[in-house]
Amino acid sequence: FEPGVQQRRDVYQPTSAADILPTLLQVIANKSPDFTEGQVLPVYNGNTIPVDRSIYGVHGRYNAKYKPLDTASVMLLKWPYKMVAYWGYEALEGKRMYELFNLEEDREELTNLYETHPDLAAQLIEEIQFKVDQADQPYS
């Protein structure tokens with residue numbers, strides 16, 4: 001809640017931790033600087049967030065600091081699809097593993113669509129790889 005507000009405001013769109021900074025700055029200073037990656041939550045500025053924007057999650061705890069991601073799980077949420085890429089883990093024996101889910105139809109993520117939707121999977125994998133390459137750039 002921002003100061004003076006007594007009722008909660010629910011957000012029903014996919015959000016990210018990256019949305020916290022621009023939202024707080026909007027509440028405090030009524031503006032969000034261009035350098036922030038996230039979006040101001042719609043209940044605080046009246047705008048809508050594109051529902052199909054790319055939201056990433058990364059688990060890279062087994063990597064050395066200040067090195068490219070060589071062991072990681074990277075999730076891309078591009079509504080209604082969620083793609084997860086895994087690489088570098090010993091159990092994968094040098095291979096990559098992918099999972100693709102339609103969250104609108106399968107909220108419990110029970111049906112992996114990776115094999116049955118190869119064009120969509122390839123597009124999302126390419127987007128993940130582009131973002132990982134971008135993040136790895138300073139350490140390569």
# chains A, B, ... in the order shown; residues from 1 in each chain; ligands from 1
$ residues_around --residues "range 55-63 of chain A" --least-positions-apart "5" --cutoff "6 Å" --atoms "only C-alpha atoms" --output "PyMOL selection string"
chain A and resi 72-77
$ select_by_dssp --residues "range 1-138 of chain A" --states "strand (DSSP E or B)" --output "ChimeraX atom specification"
/A:55-59,72-78,81-87,97-102
$ write_last_selection --atoms "C-alpha atoms" --output "short mmCIF file (atom, residue, chain, number, x, y, z; two decimals), in the first residue's frame"
data_model
loop_
_atom_site.label_atom_id
_atom_site.label_comp_id
_atom_site.auth_asym_id
_atom_site.auth_seq_id
_atom_site.Cartn_x
_atom_site.Cartn_y
_atom_site.Cartn_z
CA ILE A 55 9.60 -12.10 -18.04
CA TYR A 56 12.74 -14.02 -17.05
CA GLY A 57 13.78 -16.04 -14.05
CA VAL A 58 17.30 -17.41 -13.64
CA HIS A 59 18.70 -19.99 -11.27
CA ALA A 72 21.71 -22.68 -15.15
CA SER A 73 17.97 -22.94 -15.36
CA VAL A 74 16.40 -20.03 -17.24
CA MET A 75 12.67 -19.48 -17.38
CA LEU A 76 10.95 -17.29 -19.94
CA LEU A 77 7.32 -16.39 -19.36
CA LYS A 78 5.68 -14.99 -22.47
CA TYR A 81 3.66 -19.82 -22.54
CA LYS A 82 6.40 -20.70 -20.10
CA MET A 83 9.66 -22.09 -21.46
CA VAL A 84 12.40 -23.44 -19.17
CA ALA A 85 15.89 -24.24 -20.41
CA TYR A 86 18.36 -26.27 -18.32
CA TRP A 87 22.05 -26.74 -19.07
CA MET A 97 16.79 -29.91 -21.56
CA TYR A 98 13.68 -27.87 -22.30
CA GLU A 99 10.15 -27.69 -20.98
CA LEU A 100 7.31 -25.72 -22.56
CA PHE A 101 3.90 -25.19 -20.98
CA ASN A 102 0.72 -23.34 -21.89
#
$ residues_around --residues "range 23-34 of chain A" --least-positions-apart "3" --cutoff "9 Å" --atoms "only C-alpha atoms" --output "list in words"
Glu2, Pro3, Asp19, Ile20, Glu37, Gly38, Gln39, Val40, Leu41, Pro42, Tyr44 and Asn45 of chain A
$ select_by_dssp --residues "chain A" --states "alpha helix (DSSP H)" --output "short mmCIF file (atom, residue, chain, number, x, y, z; two decimals) with N, CA, C and O atoms, in the first residue's frame"
data_model
loop_
_atom_site.label_atom_id
_atom_site.label_comp_id
_atom_site.auth_asym_id
_atom_site.auth_seq_id
_atom_site.Cartn_x
_atom_site.Cartn_y
_atom_site.Cartn_z
N ILE A 20 9.24 -3.96 -9.28
CA ILE A 20 9.15 -3.33 -7.96
C ILE A 20 9.78 -1.94 -7.97
O ILE A 20 9.16 -0.97 -7.53
N LEU A 21 10.99 -1.80 -8.50
CA LEU A 21 11.67 -0.50 -8.49
C LEU A 21 10.89 0.56 -9.25
O LEU A 21 10.60 1.63 -8.70
N PRO A 22 10.50 0.34 -10.51
CA PRO A 22 9.76 1.40 -11.19
C PRO A 22 8.42 1.71 -10.53
O PRO A 22 7.98 2.87 -10.52
N THR A 23 7.80 0.71 -9.92
CA THR A 23 6.52 0.95 -9.23
C THR A 23 6.74 1.82 -8.00
O THR A 23 6.01 2.79 -7.77
N LEU A 24 7.76 1.49 -7.19
CA LEU A 24 8.05 2.31 -6.00
C LEU A 24 8.41 3.73 -6.38
O LEU A 24 7.97 4.70 -5.75
N LEU A 25 9.21 3.89 -7.43
CA LEU A 25 9.59 5.24 -7.86
C LEU A 25 8.38 6.02 -8.38
O LEU A 25 8.28 7.22 -8.17
N GLN A 26 7.46 5.32 -9.02
CA GLN A 26 6.23 5.97 -9.48
C GLN A 26 5.42 6.49 -8.28
O GLN A 26 4.91 7.60 -8.28
N VAL A 27 5.33 5.65 -7.24
CA VAL A 27 4.57 6.02 -6.05
C VAL A 27 5.23 7.19 -5.33
O VAL A 27 4.55 8.14 -4.91
N ILE A 28 6.56 7.18 -5.20
CA ILE A 28 7.25 8.22 -4.44
C ILE A 28 7.46 9.50 -5.25
O ILE A 28 7.23 10.59 -4.77
N ALA A 29 7.93 9.34 -6.48
CA ALA A 29 8.35 10.51 -7.25
C ALA A 29 7.46 10.78 -8.47
O ALA A 29 7.71 11.72 -9.20
N PRO A 42 0.12 -1.70 -13.20
CA PRO A 42 -0.98 -0.91 -13.76
C PRO A 42 -1.86 -0.21 -12.72
O PRO A 42 -2.40 0.85 -13.01
N VAL A 43 -1.99 -0.76 -11.53
CA VAL A 43 -2.84 -0.11 -10.54
C VAL A 43 -2.24 1.19 -10.03
O VAL A 43 -2.91 1.97 -9.37
N TYR A 44 -0.97 1.46 -10.36
CA TYR A 44 -0.31 2.68 -9.89
C TYR A 44 -0.15 3.75 -10.97
O TYR A 44 0.27 4.85 -10.67
N ASN A 45 -0.43 3.41 -12.22
CA ASN A 45 -0.33 4.45 -13.24
C ASN A 45 -1.46 4.42 -14.26
O ASN A 45 -1.50 5.23 -15.16
N PRO A 118 7.37 -27.53 -31.99
CA PRO A 118 8.78 -27.23 -32.25
C PRO A 118 9.05 -25.79 -32.73
O PRO A 118 10.08 -25.22 -32.38
N ASP A 119 8.16 -25.21 -33.50
CA ASP A 119 8.39 -23.84 -34.00
C ASP A 119 8.33 -22.83 -32.86
O ASP A 119 9.19 -21.95 -32.76
N LEU A 120 7.33 -22.97 -32.01
CA LEU A 120 7.21 -22.08 -30.85
C LEU A 120 8.40 -22.28 -29.91
O LEU A 120 8.99 -21.32 -29.43
N ALA A 121 8.75 -23.54 -29.67
CA ALA A 121 9.88 -23.84 -28.78
C ALA A 121 11.16 -23.21 -29.32
O ALA A 121 11.91 -22.58 -28.57
N ALA A 122 11.39 -23.33 -30.61
CA ALA A 122 12.61 -22.76 -31.21
C ALA A 122 12.65 -21.24 -31.06
O ALA A 122 13.70 -20.67 -30.76
N GLN A 123 11.51 -20.61 -31.24
CA GLN A 123 11.43 -19.16 -31.09
C GLN A 123 11.75 -18.72 -29.66
O GLN A 123 12.52 -17.78 -29.43
N LEU A 124 11.19 -19.42 -28.68
CA LEU A 124 11.41 -19.07 -27.28
C LEU A 124 12.84 -19.40 -26.84
O LEU A 124 13.46 -18.66 -26.08
N ILE A 125 13.39 -20.50 -27.34
CA ILE A 125 14.78 -20.86 -27.04
C ILE A 125 15.71 -19.78 -27.59
O ILE A 125 16.67 -19.37 -26.92
N GLU A 126 15.44 -19.32 -28.78
CA GLU A 126 16.26 -18.26 -29.39
C GLU A 126 16.21 -16.99 -28.54
O GLU A 126 17.24 -16.34 -28.33
N GLU A 127 15.03 -16.66 -28.04
CA GLU A 127 14.92 -15.47 -27.18
C GLU A 127 15.68 -15.65 -25.88
O GLU A 127 16.36 -14.73 -25.41
N ILE A 128 15.58 -16.83 -25.28
CA ILE A 128 16.34 -17.10 -24.05
C ILE A 128 17.83 -17.00 -24.32
O ILE A 128 18.57 -16.35 -23.56
N GLN A 129 18.30 -17.62 -25.40
CA GLN A 129 19.72 -17.61 -25.70
C GLN A 129 20.23 -16.19 -25.95
O GLN A 129 21.32 -15.83 -25.52
N PHE A 130 19.44 -15.37 -26.63
CA PHE A 130 19.81 -13.98 -26.87
C PHE A 130 19.99 -13.24 -25.54
O PHE A 130 20.97 -12.53 -25.33
N LYS A 131 19.06 -13.44 -24.62
CA LYS A 131 19.12 -12.76 -23.32
C LYS A 131 20.30 -13.27 -22.50
O LYS A 131 20.99 -12.49 -21.84
N VAL A 132 20.56 -14.57 -22.53
CA VAL A 132 21.71 -15.14 -21.79
C VAL A 132 23.01 -14.61 -22.38
O VAL A 132 23.92 -14.22 -21.64
N ASP A 133 23.12 -14.58 -23.70
CA ASP A 133 24.32 -14.05 -24.34
C ASP A 133 24.54 -12.59 -23.95
O ASP A 133 25.67 -12.16 -23.70
N GLN A 134 23.46 -11.84 -23.89
CA GLN A 134 23.53 -10.43 -23.49
C GLN A 134 24.02 -10.32 -22.04
O GLN A 134 24.89 -9.47 -21.74
N ALA A 135 23.50 -11.15 -21.16
CA ALA A 135 23.91 -11.12 -19.76
C ALA A 135 25.35 -11.60 -19.58
O ALA A 135 26.08 -11.10 -18.71
N ASP A 136 25.79 -12.54 -20.41
CA ASP A 136 27.15 -13.09 -20.32
C ASP A 136 28.20 -12.15 -20.92
O ASP A 136 29.39 -12.30 -20.64
#
$ closest_residue --among "A:Thr15, A:Gln137, A:Gln6, A:Thr111" --to "Asp52 in chain A" --atoms "only C-alpha atoms"
A:Thr15
$ closest_residue --among "A:Ser54, A:Gln13, A:Thr71, A:Asn112" --to "Glu90 in chain A" --atoms "only C-alpha atoms"
A:Thr71
$ closest_residue --among "A:Val51, A:Gly4, A:Tyr139, A:Leu110" --to "Asp70 in chain A" --atoms "only C-alpha atoms"
A:Tyr139
$ atom_distance --atom1 "CA of Asn47 in chain A" --atom2 "CA of Glu105 in chain A"
26.6 Å
$ closest_residue --among "A:Leu113, A:Ala64, A:Leu103, A:Ile49" --to "Ser16 in chain A" --atoms "only C-alpha atoms"
A:Ile49
$ atom_distance --atom1 "CA of Leu69 in chain A" --atom2 "CA of Ala91 in chain A"
16.9 Å
